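Q: This is the structure, below, for whatever I ask next.
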Amino acid sequence: MSQSDSPGSPHFDDLGAAHMVDITLKPVTNRIATASSSIRMSTDAAETVRMGGGRKGDVLSVARLAAIGATKWTSTLIPLCHAIPIEGVSIDFQWEKTDESGAIDPAEGSSETLRCVATVRTTYKTGVEMEAMTAASVASLTVYDMLKSVDRAMVITQTKLESKEGGRSGVYSRQ
C-alpha cells in the first residue's frame, strides 16, 4: 500500500513512524489559505487598541508585523512542515461584539473580541494552511503581549482554518 493509499495522516509511514511527506512529484500550483484567531478583551483594552497605542506602541501594527514574520518561521516551529516560499501575506483585524455569556469576567462588565485574520499565498507543491494558522495565532499572542499591562484576563479563542485553495484536495471553505 502506498503512502497516498493509506488511511489517516500522511505524516506516518506504513510502520507508524513519523516522517516528512515527500512532495517531490507533486505539481506546483497556486495556493492560498486564510485562518483566524480571536482574542477577547476588556472594553478598556479594546479602547487602547482603537486609539492606536499602548505602552509598547501601535498594537495592531506590531501584531501585523509579528504575524507576517511568523509565516516565515512555521517550518521551524512545526516539525513536519515544509519550508515554503511565502509570496504574499495579508493580516486584517475585525472587531466583534462579545455577548454577555462570552465576557471574560461578568463582574468586570462587557468585553470585546478582536478577530485576527491571516491570508497567505504561494505558488508551490504544498499548501500554506499551517502558515496562515501560525500567523493568526501569533497575531493574537502579540495583541496579548502588547495589552497585558491593561488586561491580563484576555482570552485567545478559536484559532481555525477559514478557507484554502489549490492542490489536489481543491477548495475548502468553513462558510
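Residues in the C-alpha cells are numbered from 1 in each chain, the chains being A, B, ... in the order shown, and ligands are numbered from 1 in the order shown.
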Report the residues of segment 27-98 of chain A whose backbone DSSP state falls under alpha helix (DSSP H), written as an MDAnalysis selection string.

A: chainID A and resid 43:50 59:77

Q: Now that the selection is made, can you save its residues with N, CA, C and O atoms as a tab-separated table (two decimals), in the first residue's frame?

A:
```
chain	number	residue	atom	x	y	z
A	43	THR	N	-13.25	46.21	27.58
A	43	THR	CA	-13.51	47.38	26.75
A	43	THR	C	-12.38	48.40	26.90
A	43	THR	O	-12.08	49.12	25.94
A	44	ASP	N	-11.73	48.45	28.06
A	44	ASP	CA	-10.58	49.35	28.23
A	44	ASP	C	-9.44	48.95	27.31
A	44	ASP	O	-8.80	49.80	26.68
A	45	ALA	N	-9.16	47.67	27.23
A	45	ALA	CA	-8.09	47.19	26.34
A	45	ALA	C	-8.47	47.46	24.89
A	45	ALA	O	-7.62	47.89	24.09
A	46	ALA	N	-9.72	47.23	24.53
A	46	ALA	CA	-10.18	47.48	23.16
A	46	ALA	C	-10.03	48.96	22.81
A	46	ALA	O	-9.60	49.31	21.70
A	47	GLU	N	-10.33	49.82	23.75
A	47	GLU	CA	-10.19	51.26	23.52
A	47	GLU	C	-8.72	51.64	23.31
A	47	GLU	O	-8.40	52.49	22.48
A	48	THR	N	-7.83	51.00	24.04
A	48	THR	CA	-6.39	51.24	23.86
A	48	THR	C	-5.98	50.89	22.43
A	48	THR	O	-5.22	51.63	21.80
A	49	VAL	N	-6.50	49.78	21.92
A	49	VAL	CA	-6.18	49.37	20.54
A	49	VAL	C	-6.74	50.39	19.56
A	49	VAL	O	-6.04	50.82	18.63
A	50	ARG	N	-7.97	50.78	19.74
A	50	ARG	CA	-8.61	51.73	18.82
A	50	ARG	C	-7.90	53.07	18.79
A	50	ARG	O	-7.88	53.74	17.76
A	59	VAL	N	-0.59	48.72	18.70
A	59	VAL	CA	-0.84	47.29	18.91
A	59	VAL	C	-1.03	46.54	17.59
A	59	VAL	O	-0.39	45.51	17.36
A	60	LEU	N	-1.88	47.03	16.73
A	60	LEU	CA	-2.19	46.30	15.51
A	60	LEU	C	-1.03	46.30	14.52
A	60	LEU	O	-0.81	45.30	13.82
A	61	SER	N	-0.27	47.36	14.46
A	61	SER	CA	0.90	47.39	13.58
A	61	SER	C	1.94	46.36	14.00
A	61	SER	O	2.50	45.64	13.17
A	62	VAL	N	2.18	46.29	15.30
A	62	VAL	CA	3.15	45.32	15.80
A	62	VAL	C	2.64	43.89	15.60
A	62	VAL	O	3.38	43.00	15.18
A	63	ALA	N	1.34	43.66	15.87
A	63	ALA	CA	0.75	42.32	15.68
A	63	ALA	C	0.82	41.91	14.21
A	63	ALA	O	1.09	40.74	13.90
A	64	ARG	N	0.59	42.84	13.32
A	64	ARG	CA	0.65	42.55	11.88
A	64	ARG	C	2.07	42.14	11.48
A	64	ARG	O	2.27	41.14	10.79
A	65	LEU	N	3.08	42.88	11.93
A	65	LEU	CA	4.47	42.54	11.61
A	65	LEU	C	4.86	41.18	12.21
A	65	LEU	O	5.54	40.39	11.56
A	66	ALA	N	4.43	40.92	13.44
A	66	ALA	CA	4.74	39.64	14.08
A	66	ALA	C	4.11	38.49	13.30
A	66	ALA	O	4.74	37.44	13.08
A	67	ALA	N	2.88	38.67	12.85
A	67	ALA	CA	2.18	37.62	12.11
A	67	ALA	C	2.85	37.35	10.77
A	67	ALA	O	3.02	36.19	10.37
A	68	ILE	N	3.24	38.41	10.08
A	68	ILE	CA	3.93	38.24	8.80
A	68	ILE	C	5.23	37.48	9.02
A	68	ILE	O	5.55	36.53	8.30
A	69	GLY	N	5.98	37.87	10.02
A	69	GLY	CA	7.23	37.18	10.33
A	69	GLY	C	7.00	35.72	10.71
A	69	GLY	O	7.80	34.84	10.34
A	70	ALA	N	5.92	35.44	11.40
A	70	ALA	CA	5.62	34.07	11.85
A	70	ALA	C	5.43	33.11	10.68
A	70	ALA	O	5.78	31.93	10.78
A	71	THR	N	4.88	33.62	9.57
A	71	THR	CA	4.68	32.73	8.42
A	71	THR	C	6.01	32.15	7.97
A	71	THR	O	6.08	30.99	7.55
A	72	LYS	N	7.05	32.93	8.05
A	72	LYS	CA	8.37	32.52	7.58
A	72	LYS	C	9.03	31.50	8.51
A	72	LYS	O	9.98	30.83	8.12
A	73	TRP	N	8.56	31.40	9.75
A	73	TRP	CA	9.15	30.51	10.75
A	73	TRP	C	8.32	29.26	10.99
A	73	TRP	O	8.69	28.42	11.82
A	74	THR	N	7.24	29.08	10.29
A	74	THR	CA	6.35	27.95	10.55
A	74	THR	C	7.07	26.61	10.47
A	74	THR	O	6.90	25.75	11.34
A	75	SER	N	7.88	26.41	9.45
A	75	SER	CA	8.55	25.12	9.30
A	75	SER	C	9.57	24.86	10.42
A	75	SER	O	9.92	23.71	10.68
A	76	THR	N	10.02	25.90	11.08
A	76	THR	CA	10.92	25.74	12.23
A	76	THR	C	10.11	25.35	13.47
A	76	THR	O	10.56	24.56	14.30
A	77	LEU	N	8.90	25.89	13.59
A	77	LEU	CA	8.07	25.66	14.77
A	77	LEU	C	7.31	24.33	14.71
A	77	LEU	O	7.13	23.67	15.74
```

Q: Within 8 Å of Tyr144 of chain A, counting only C-alpha atoms, which residues show up once you throw out same-chain ones fewer than 6 positions away? Write them as a ChimeraX atom specification, please.

A: /A:39,152,154

Q: Would you save the residues from that selection as a short mmCIF file (atom, residue, chain, number, x, y, z; two decimals), in the first residue's frame, using N, CA, C and O atoms?

A:
```cif
data_model
loop_
_atom_site.label_atom_id
_atom_site.label_comp_id
_atom_site.auth_asym_id
_atom_site.auth_seq_id
_atom_site.Cartn_x
_atom_site.Cartn_y
_atom_site.Cartn_z
N ILE A 39 -9.33 37.09 20.01
CA ILE A 39 -8.90 37.41 21.38
C ILE A 39 -9.95 38.31 22.02
O ILE A 39 -10.30 39.37 21.48
N ARG A 152 -4.87 41.56 31.89
CA ARG A 152 -4.24 40.22 31.94
C ARG A 152 -5.26 39.09 31.77
O ARG A 152 -4.89 37.94 31.59
N MET A 154 -7.33 38.67 29.30
CA MET A 154 -7.70 38.41 27.90
C MET A 154 -7.67 36.91 27.62
O MET A 154 -6.91 36.18 28.25
#
```

Q: Quick one: of A:Ile91, A:Glu165, A:Ala83, A:Arg55, who's nearest to Asp145 of chain A, counting only C-alpha atoms?

A: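 So, comparing all the options, the nearest one is A:Arg55.
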
Q: Extract, using only C-alpha atoms, all DNA, RNA and protein residues at most 6 Å from segment 111-126 of chain A, discarding same-chain residues fewer than 4 positions from it, and format them as a PDB file with all heavy atoms, in the first residue's frame.

A:
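Result file is selection.pdb:
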```pdb
ATOM      1  N   LYS A  26       4.812  16.141  -6.644  1.00  0.00           N
ATOM      2  CA  LYS A  26       3.601  16.950  -6.680  1.00  0.00           C
ATOM      3  C   LYS A  26       3.781  18.142  -7.619  1.00  0.00           C
ATOM      4  O   LYS A  26       4.863  18.723  -7.688  1.00  0.00           O
ATOM      5  CB  LYS A  26       3.254  17.457  -5.273  1.00  0.00           C
ATOM      6  CG  LYS A  26       2.750  16.357  -4.351  1.00  0.00           C
ATOM      7  CD  LYS A  26       2.461  16.885  -2.969  1.00  0.00           C
ATOM      8  CE  LYS A  26       1.170  17.659  -2.966  1.00  0.00           C
ATOM      9  NZ  LYS A  26       0.765  18.082  -1.611  1.00  0.00           N
ATOM     10  N   PRO A  27       2.732  18.521  -8.331  1.00  0.00           N
ATOM     11  CA  PRO A  27       2.844  19.677  -9.233  1.00  0.00           C
ATOM     12  C   PRO A  27       2.809  20.995  -8.449  1.00  0.00           C
ATOM     13  O   PRO A  27       2.216  21.085  -7.380  1.00  0.00           O
ATOM     14  CB  PRO A  27       1.599  19.558 -10.121  1.00  0.00           C
ATOM     15  CG  PRO A  27       0.605  18.830  -9.272  1.00  0.00           C
ATOM     16  CD  PRO A  27       1.417  17.881  -8.418  1.00  0.00           C
ATOM     17  N   VAL A  28       3.437  21.995  -9.013  1.00  0.00           N
ATOM     18  CA  VAL A  28       3.386  23.340  -8.457  1.00  0.00           C
ATOM     19  C   VAL A  28       2.043  23.952  -8.849  1.00  0.00           C
ATOM     20  O   VAL A  28       1.666  23.909 -10.019  1.00  0.00           O
ATOM     21  CB  VAL A  28       4.555  24.196  -8.996  1.00  0.00           C
ATOM     22  CG1 VAL A  28       4.386  25.654  -8.614  1.00  0.00           C
ATOM     23  CG2 VAL A  28       5.879  23.647  -8.499  1.00  0.00           C
ATOM     24  N   THR A  29       1.309  24.466  -7.860  1.00  0.00           N
ATOM     25  CA  THR A  29       0.040  25.141  -8.127  1.00  0.00           C
ATOM     26  C   THR A  29      -0.056  26.377  -7.249  1.00  0.00           C
ATOM     27  O   THR A  29       0.682  26.532  -6.277  1.00  0.00           O
ATOM     28  CB  THR A  29      -1.182  24.238  -7.841  1.00  0.00           C
ATOM     29  OG1 THR A  29      -1.198  23.894  -6.456  1.00  0.00           O
ATOM     30  CG2 THR A  29      -1.162  22.974  -8.675  1.00  0.00           C
ATOM     31  N   ASN A  30      -0.992  27.258  -7.602  1.00  0.00           N
ATOM     32  CA  ASN A  30      -1.265  28.415  -6.750  1.00  0.00           C
ATOM     33  C   ASN A  30      -1.954  27.929  -5.488  1.00  0.00           C
ATOM     34  O   ASN A  30      -2.899  27.135  -5.556  1.00  0.00           O
ATOM     35  CB  ASN A  30      -2.155  29.423  -7.475  1.00  0.00           C
ATOM     36  CG  ASN A  30      -1.437  30.105  -8.604  1.00  0.00           C
ATOM     37  OD1 ASN A  30      -0.243  30.346  -8.535  1.00  0.00           O
ATOM     38  ND2 ASN A  30      -2.168  30.414  -9.661  1.00  0.00           N
ATOM     39  N   ARG A  31      -1.481  28.397  -4.347  1.00  0.00           N
ATOM     40  CA  ARG A  31      -2.046  28.002  -3.053  1.00  0.00           C
ATOM     41  C   ARG A  31      -2.386  29.258  -2.270  1.00  0.00           C
ATOM     42  O   ARG A  31      -1.642  30.231  -2.271  1.00  0.00           O
ATOM     43  CB  ARG A  31      -1.028  27.197  -2.237  1.00  0.00           C
ATOM     44  CG  ARG A  31      -0.319  26.070  -2.972  1.00  0.00           C
ATOM     45  CD  ARG A  31      -1.235  24.891  -3.208  1.00  0.00           C
ATOM     46  NE  ARG A  31      -0.529  23.789  -3.831  1.00  0.00           N
ATOM     47  CZ  ARG A  31      -0.575  22.544  -3.409  1.00  0.00           C
ATOM     48  NH1 ARG A  31      -1.289  22.231  -2.346  1.00  0.00           N
ATOM     49  NH2 ARG A  31       0.072  21.587  -4.053  1.00  0.00           N
ATOM     50  N   ILE A  32      -3.516  29.201  -1.577  1.00  0.00           N
ATOM     51  CA  ILE A  32      -3.926  30.292  -0.700  1.00  0.00           C
ATOM     52  C   ILE A  32      -4.660  29.694   0.492  1.00  0.00           C
ATOM     53  O   ILE A  32      -5.414  28.729   0.337  1.00  0.00           O
ATOM     54  CB  ILE A  32      -4.808  31.321  -1.447  1.00  0.00           C
ATOM     55  CG1 ILE A  32      -5.161  32.501  -0.547  1.00  0.00           C
ATOM     56  CG2 ILE A  32      -6.037  30.681  -2.024  1.00  0.00           C
ATOM     57  CD1 ILE A  32      -5.833  33.644  -1.284  1.00  0.00           C
ATOM     58  N   ALA A  33      -4.413  30.243   1.657  1.00  0.00           N
ATOM     59  CA  ALA A  33      -5.119  29.799   2.856  1.00  0.00           C
ATOM     60  C   ALA A  33      -5.406  31.009   3.737  1.00  0.00           C
ATOM     61  O   ALA A  33      -4.586  31.926   3.834  1.00  0.00           O
ATOM     62  CB  ALA A  33      -4.296  28.771   3.627  1.00  0.00           C
ATOM     63  N   THR A  34      -6.573  30.987   4.364  1.00  0.00           N
ATOM     64  CA  THR A  34      -6.967  32.030   5.302  1.00  0.00           C
ATOM     65  C   THR A  34      -7.319  31.372   6.627  1.00  0.00           C
ATOM     66  O   THR A  34      -8.044  30.362   6.654  1.00  0.00           O
ATOM     67  CB  THR A  34      -8.166  32.834   4.769  1.00  0.00           C
ATOM     68  OG1 THR A  34      -7.790  33.448   3.531  1.00  0.00           O
ATOM     69  CG2 THR A  34      -8.607  33.904   5.752  1.00  0.00           C
ATOM     70  N   ALA A  35      -6.798  31.932   7.711  1.00  0.00           N
ATOM     71  CA  ALA A  35      -7.074  31.426   9.055  1.00  0.00           C
ATOM     72  C   ALA A  35      -7.379  32.605   9.963  1.00  0.00           C
ATOM     73  O   ALA A  35      -7.026  33.754   9.656  1.00  0.00           O
ATOM     74  CB  ALA A  35      -5.875  30.639   9.588  1.00  0.00           C
ATOM     75  N   SER A  36      -8.033  32.316  11.079  1.00  0.00           N
ATOM     76  CA  SER A  36      -8.334  33.386  12.026  1.00  0.00           C
ATOM     77  C   SER A  36      -8.084  32.917  13.452  1.00  0.00           C
ATOM     78  O   SER A  36      -8.072  31.713  13.739  1.00  0.00           O
ATOM     79  CB  SER A  36      -9.785  33.845  11.882  1.00  0.00           C
ATOM     80  OG  SER A  36     -10.668  32.816  12.269  1.00  0.00           O
ATOM     81  N   SER A  37      -7.873  33.878  14.310  1.00  0.00           N
ATOM     82  CA  SER A  37      -7.733  33.637  15.744  1.00  0.00           C
ATOM     83  C   SER A  37      -8.368  34.831  16.436  1.00  0.00           C
ATOM     84  O   SER A  37      -8.165  35.974  16.014  1.00  0.00           O
ATOM     85  CB  SER A  37      -6.256  33.513  16.129  1.00  0.00           C
ATOM     86  OG  SER A  37      -6.109  33.249  17.514  1.00  0.00           O
ATOM     87  N   SER A  38      -9.132  34.576  17.482  1.00  0.00           N
ATOM     88  CA  SER A  38      -9.841  35.657  18.163  1.00  0.00           C
ATOM     89  C   SER A  38      -9.288  35.849  19.568  1.00  0.00           C
ATOM     90  O   SER A  38      -8.852  34.901  20.212  1.00  0.00           O
ATOM     91  CB  SER A  38     -11.335  35.328  18.252  1.00  0.00           C
ATOM     92  OG  SER A  38     -11.887  35.243  16.955  1.00  0.00           O
ATOM     93  N   ILE A  39      -9.327  37.095  20.014  1.00  0.00           N
ATOM     94  CA  ILE A  39      -8.902  37.410  21.377  1.00  0.00           C
ATOM     95  C   ILE A  39      -9.949  38.313  22.023  1.00  0.00           C
ATOM     96  O   ILE A  39     -10.298  39.369  21.483  1.00  0.00           O
ATOM     97  CB  ILE A  39      -7.477  38.035  21.404  1.00  0.00           C
ATOM     98  CG1 ILE A  39      -7.057  38.340  22.843  1.00  0.00           C
ATOM     99  CG2 ILE A  39      -7.350  39.221  20.482  1.00  0.00           C
ATOM    100  CD1 ILE A  39      -5.575  38.648  23.008  1.00  0.00           C
ATOM    101  N   ARG A  40     -10.486  37.829  23.145  1.00  0.00           N
ATOM    102  CA  ARG A  40     -11.467  38.612  23.913  1.00  0.00           C
ATOM    103  C   ARG A  40     -10.729  39.469  24.916  1.00  0.00           C
ATOM    104  O   ARG A  40      -9.775  39.009  25.554  1.00  0.00           O
ATOM    105  CB  ARG A  40     -12.431  37.695  24.657  1.00  0.00           C
ATOM    106  CG  ARG A  40     -13.462  37.067  23.779  1.00  0.00           C
ATOM    107  CD  ARG A  40     -14.576  36.397  24.577  1.00  0.00           C
ATOM    108  NE  ARG A  40     -14.149  35.763  25.794  1.00  0.00           N
ATOM    109  CZ  ARG A  40     -14.210  34.447  26.030  1.00  0.00           C
ATOM    110  NH1 ARG A  40     -14.682  33.641  25.115  1.00  0.00           N
ATOM    111  NH2 ARG A  40     -13.816  33.960  27.177  1.00  0.00           N
ATOM    112  N   MET A  41     -11.187  40.710  25.057  1.00  0.00           N
ATOM    113  CA  MET A  41     -10.524  41.641  25.972  1.00  0.00           C
ATOM    114  C   MET A  41     -11.538  42.594  26.564  1.00  0.00           C
ATOM    115  O   MET A  41     -12.658  42.721  26.065  1.00  0.00           O
ATOM    116  CB  MET A  41      -9.441  42.426  25.225  1.00  0.00           C
ATOM    117  CG  MET A  41      -9.975  43.318  24.117  1.00  0.00           C
ATOM    118  SD  MET A  41      -8.699  44.085  23.098  1.00  0.00           S
ATOM    119  CE  MET A  41      -8.105  42.693  22.164  1.00  0.00           C
ATOM    120  N   SER A  42     -11.128  43.273  27.615  1.00  0.00           N
ATOM    121  CA  SER A  42     -11.991  44.257  28.254  1.00  0.00           C
ATOM    122  C   SER A  42     -12.218  45.435  27.305  1.00  0.00           C
ATOM    123  O   SER A  42     -11.448  45.657  26.358  1.00  0.00           O
ATOM    124  CB  SER A  42     -11.343  44.761  29.543  1.00  0.00           C
ATOM    125  OG  SER A  42     -10.176  45.510  29.237  1.00  0.00           O
ATOM    126  N   THR A  43     -13.248  46.209  27.581  1.00  0.00           N
ATOM    127  CA  THR A  43     -13.510  47.380  26.754  1.00  0.00           C
ATOM    128  C   THR A  43     -12.377  48.400  26.895  1.00  0.00           C
ATOM    129  O   THR A  43     -12.079  49.116  25.940  1.00  0.00           O
ATOM    130  CB  THR A  43     -14.871  48.020  27.087  1.00  0.00           C
ATOM    131  OG1 THR A  43     -14.918  48.268  28.494  1.00  0.00           O
ATOM    132  CG2 THR A  43     -16.011  47.104  26.706  1.00  0.00           C
ATOM    133  N   ILE A  86       7.081  31.900   0.832  1.00  0.00           N
ATOM    134  CA  ILE A  86       5.893  32.717   1.070  1.00  0.00           C
ATOM    135  C   ILE A  86       5.910  33.882   0.079  1.00  0.00           C
ATOM    136  O   ILE A  86       6.848  34.661   0.044  1.00  0.00           O
ATOM    137  CB  ILE A  86       5.882  33.249   2.522  1.00  0.00           C
ATOM    138  CG1 ILE A  86       5.960  32.094   3.525  1.00  0.00           C
ATOM    139  CG2 ILE A  86       4.659  34.128   2.760  1.00  0.00           C
ATOM    140  CD1 ILE A  86       4.849  31.084   3.422  1.00  0.00           C
ATOM    141  N   GLU A  87       4.861  33.986  -0.730  1.00  0.00           N
ATOM    142  CA  GLU A  87       4.820  35.010  -1.768  1.00  0.00           C
ATOM    143  C   GLU A  87       3.884  36.165  -1.435  1.00  0.00           C
ATOM    144  O   GLU A  87       3.968  37.223  -2.056  1.00  0.00           O
ATOM    145  CB  GLU A  87       4.426  34.379  -3.100  1.00  0.00           C
ATOM    146  CG  GLU A  87       5.466  33.369  -3.558  1.00  0.00           C
ATOM    147  CD  GLU A  87       5.092  32.618  -4.811  1.00  0.00           C
ATOM    148  OE1 GLU A  87       3.882  32.459  -5.081  1.00  0.00           O
ATOM    149  OE2 GLU A  87       6.009  32.188  -5.508  1.00  0.00           O
ATOM    150  N   GLY A  88       3.005  35.968  -0.480  1.00  0.00           N
ATOM    151  CA  GLY A  88       2.100  37.042  -0.085  1.00  0.00           C
ATOM    152  C   GLY A  88       1.474  36.743   1.257  1.00  0.00           C
ATOM    153  O   GLY A  88       1.125  35.601   1.541  1.00  0.00           O
ATOM    154  N   VAL A  89       1.360  37.780   2.078  1.00  0.00           N
ATOM    155  CA  VAL A  89       0.709  37.653   3.392  1.00  0.00           C
ATOM    156  C   VAL A  89      -0.092  38.923   3.631  1.00  0.00           C
ATOM    157  O   VAL A  89       0.416  40.025   3.429  1.00  0.00           O
ATOM    158  CB  VAL A  89       1.736  37.506   4.544  1.00  0.00           C
ATOM    159  CG1 VAL A  89       1.017  37.369   5.887  1.00  0.00           C
ATOM    160  CG2 VAL A  89       2.669  36.345   4.319  1.00  0.00           C
ATOM    161  N   SER A  90      -1.329  38.753   4.044  1.00  0.00           N
ATOM    162  CA  SER A  90      -2.100  39.911   4.497  1.00  0.00           C
ATOM    163  C   SER A  90      -2.711  39.573   5.851  1.00  0.00           C
ATOM    164  O   SER A  90      -3.131  38.438   6.085  1.00  0.00           O
ATOM    165  CB  SER A  90      -3.179  40.306   3.482  1.00  0.00           C
ATOM    166  OG  SER A  90      -4.131  39.272   3.349  1.00  0.00           O
ATOM    167  N   ILE A  91      -2.711  40.565   6.709  1.00  0.00           N
ATOM    168  CA  ILE A  91      -3.247  40.410   8.064  1.00  0.00           C
ATOM    169  C   ILE A  91      -4.296  41.496   8.252  1.00  0.00           C
ATOM    170  O   ILE A  91      -4.006  42.685   8.065  1.00  0.00           O
ATOM    171  CB  ILE A  91      -2.148  40.568   9.135  1.00  0.00           C
ATOM    172  CG1 ILE A  91      -0.938  39.680   8.840  1.00  0.00           C
ATOM    173  CG2 ILE A  91      -2.720  40.303  10.523  1.00  0.00           C
ATOM    174  CD1 ILE A  91      -1.194  38.197   8.843  1.00  0.00           C
ATOM    175  N   ASP A  92      -5.494  41.089   8.610  1.00  0.00           N
ATOM    176  CA  ASP A  92      -6.579  42.030   8.847  1.00  0.00           C
ATOM    177  C   ASP A  92      -7.132  41.813  10.250  1.00  0.00           C
ATOM    178  O   ASP A  92      -7.031  40.715  10.811  1.00  0.00           O
ATOM    179  CB  ASP A  92      -7.694  41.841   7.818  1.00  0.00           C
ATOM    180  CG  ASP A  92      -7.212  42.152   6.413  1.00  0.00           C
ATOM    181  OD1 ASP A  92      -6.692  43.262   6.203  1.00  0.00           O
ATOM    182  OD2 ASP A  92      -7.346  41.285   5.538  1.00  0.00           O
ATOM    183  N   PHE A  93      -7.737  42.858  10.783  1.00  0.00           N
ATOM    184  CA  PHE A  93      -8.330  42.799  12.114  1.00  0.00           C
ATOM    185  C   PHE A  93      -9.777  43.256  12.029  1.00  0.00           C
ATOM    186  O   PHE A  93     -10.081  44.236  11.350  1.00  0.00           O
ATOM    187  CB  PHE A  93      -7.539  43.692  13.084  1.00  0.00           C
ATOM    188  CG  PHE A  93      -6.098  43.287  13.202  1.00  0.00           C
ATOM    189  CD1 PHE A  93      -5.118  43.929  12.467  1.00  0.00           C
ATOM    190  CD2 PHE A  93      -5.722  42.244  14.034  1.00  0.00           C
ATOM    191  CE1 PHE A  93      -3.790  43.560  12.557  1.00  0.00           C
ATOM    192  CE2 PHE A  93      -4.394  41.855  14.131  1.00  0.00           C
ATOM    193  CZ  PHE A  93      -3.427  42.521  13.401  1.00  0.00           C
ATOM    194  N   GLN A  94     -10.655  42.531  12.717  1.00  0.00           N
ATOM    195  CA  GLN A  94     -12.080  42.848  12.715  1.00  0.00           C
ATOM    196  C   GLN A  94     -12.588  42.816  14.153  1.00  0.00           C
ATOM    197  O   GLN A  94     -12.302  41.867  14.891  1.00  0.00           O
ATOM    198  CB  GLN A  94     -12.846  41.816  11.888  1.00  0.00           C
ATOM    199  CG  GLN A  94     -12.352  41.701  10.466  1.00  0.00           C
ATOM    200  CD  GLN A  94     -12.788  40.409   9.787  1.00  0.00           C
ATOM    201  OE1 GLN A  94     -13.395  39.535  10.392  1.00  0.00           O
ATOM    202  NE2 GLN A  94     -12.451  40.286   8.512  1.00  0.00           N
ATOM    203  N   TRP A  95     -13.356  43.820  14.526  1.00  0.00           N
ATOM    204  CA  TRP A  95     -13.957  43.854  15.863  1.00  0.00           C
ATOM    205  C   TRP A  95     -15.302  43.154  15.838  1.00  0.00           C
ATOM    206  O   TRP A  95     -16.084  43.337  14.910  1.00  0.00           O
ATOM    207  CB  TRP A  95     -14.145  45.291  16.342  1.00  0.00           C
ATOM    208  CG  TRP A  95     -12.857  45.921  16.726  1.00  0.00           C
ATOM    209  CD1 TRP A  95     -12.137  46.818  15.988  1.00  0.00           C
ATOM    210  CD2 TRP A  95     -12.118  45.691  17.915  1.00  0.00           C
ATOM    211  NE1 TRP A  95     -10.996  47.152  16.657  1.00  0.00           N
ATOM    212  CE2 TRP A  95     -10.958  46.472  17.845  1.00  0.00           C
ATOM    213  CE3 TRP A  95     -12.314  44.890  19.036  1.00  0.00           C
ATOM    214  CZ2 TRP A  95     -10.000  46.490  18.857  1.00  0.00           C
ATOM    215  CZ3 TRP A  95     -11.362  44.899  20.040  1.00  0.00           C
ATOM    216  CH2 TRP A  95     -10.221  45.692  19.945  1.00  0.00           C
ATOM    217  N   GLU A  96     -15.553  42.363  16.864  1.00  0.00           N
ATOM    218  CA  GLU A  96     -16.838  41.690  17.033  1.00  0.00           C
ATOM    219  C   GLU A  96     -17.307  41.934  18.458  1.00  0.00           C
ATOM    220  O   GLU A  96     -16.520  41.844  19.397  1.00  0.00           O
ATOM    221  CB  GLU A  96     -16.690  40.186  16.785  1.00  0.00           C
ATOM    222  CG  GLU A  96     -16.218  39.860  15.385  1.00  0.00           C
ATOM    223  CD  GLU A  96     -15.953  38.367  15.185  1.00  0.00           C
ATOM    224  OE1 GLU A  96     -15.931  37.610  16.174  1.00  0.00           O
ATOM    225  OE2 GLU A  96     -15.745  37.975  14.029  1.00  0.00           O
ATOM    226  N   LYS A  97     -18.576  42.218  18.607  1.00  0.00           N
ATOM    227  CA  LYS A  97     -19.125  42.402  19.955  1.00  0.00           C
ATOM    228  C   LYS A  97     -19.251  41.044  20.619  1.00  0.00           C
ATOM    229  O   LYS A  97     -19.686  40.076  20.001  1.00  0.00           O
ATOM    230  CB  LYS A  97     -20.496  43.086  19.872  1.00  0.00           C
ATOM    231  CG  LYS A  97     -20.942  43.676  21.164  1.00  0.00           C
ATOM    232  CD  LYS A  97     -20.090  44.862  21.522  1.00  0.00           C
ATOM    233  CE  LYS A  97     -20.624  45.543  22.779  1.00  0.00           C
ATOM    234  NZ  LYS A  97     -19.663  46.439  23.367  1.00  0.00           N
ATOM    235  N   THR A  98     -18.844  40.961  21.870  1.00  0.00           N
ATOM    236  CA  THR A  98     -18.947  39.715  22.621  1.00  0.00           C
ATOM    237  C   THR A  98     -20.219  39.768  23.450  1.00  0.00           C
ATOM    238  O   THR A  98     -20.453  40.734  24.164  1.00  0.00           O
ATOM    239  CB  THR A  98     -17.726  39.550  23.561  1.00  0.00           C
ATOM    240  OG1 THR A  98     -16.543  39.697  22.790  1.00  0.00           O
ATOM    241  CG2 THR A  98     -17.727  38.200  24.233  1.00  0.00           C
ATOM    242  N   ALA A 103     -18.322  37.212  28.106  1.00  0.00           N
ATOM    243  CA  ALA A 103     -17.494  38.181  28.817  1.00  0.00           C
ATOM    244  C   ALA A 103     -16.405  37.455  29.593  1.00  0.00           C
ATOM    245  O   ALA A 103     -16.620  36.356  30.109  1.00  0.00           O
ATOM    246  CB  ALA A 103     -18.355  39.022  29.754  1.00  0.00           C
ATOM    247  N   ALA A 132      -0.800  30.104   7.583  1.00  0.00           N
ATOM    248  CA  ALA A 132      -1.898  31.022   7.894  1.00  0.00           C
ATOM    249  C   ALA A 132      -2.342  30.876   9.346  1.00  0.00           C
ATOM    250  O   ALA A 132      -2.581  31.873  10.038  1.00  0.00           O
ATOM    251  CB  ALA A 132      -3.082  30.776   6.949  1.00  0.00           C
ATOM    252  N   ALA A 136      -2.111  33.808  12.246  1.00  0.00           N
ATOM    253  CA  ALA A 136      -3.277  34.255  13.024  1.00  0.00           C
ATOM    254  C   ALA A 136      -3.033  34.081  14.518  1.00  0.00           C
ATOM    255  O   ALA A 136      -3.350  34.971  15.321  1.00  0.00           O
ATOM    256  CB  ALA A 136      -4.521  33.487  12.581  1.00  0.00           C
TER     257      ALA A 136
END
```

Q: For the atom pair atom CA of Asp13 of chain A and atom CA of Gly127 of chain A, what is the interatomic distance in Å to one decimal place?

A: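 Taking atom CA of Asp13 of chain A as the start and atom CA of Gly127 of chain A as the end point, the length is 20.3 Å.
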
Q: Which one is closest to Ser173 of chain A: A:Val150, A:Met51, A:Leu161, A:Ile23? Count only C-alpha atoms.

A: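 Result for the nearest residue to Ser173 of chain A: A:Leu161.
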
Q: As a ChimeraX atom specification, which residues of segment 35-72 of chain A does DSSP assign to strand (DSSP E)?

A: /A:35-42

Q: What's the separation between atom CA of Thr159 of chain A and atom CA of Thr142 of chain A, in Å to one decimal place?

A: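 Calculated distance between atom CA of Thr159 of chain A and atom CA of Thr142 of chain A is 14.1 Å.
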
Q: Could you tell me how far atom CA of Pro85 of chain A lies from atom CA of Glu129 of chain A, in Å and to one decimal?

A: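 Interatomic distance, atom CA of Pro85 of chain A to atom CA of Glu129 of chain A: 13.2 Å.
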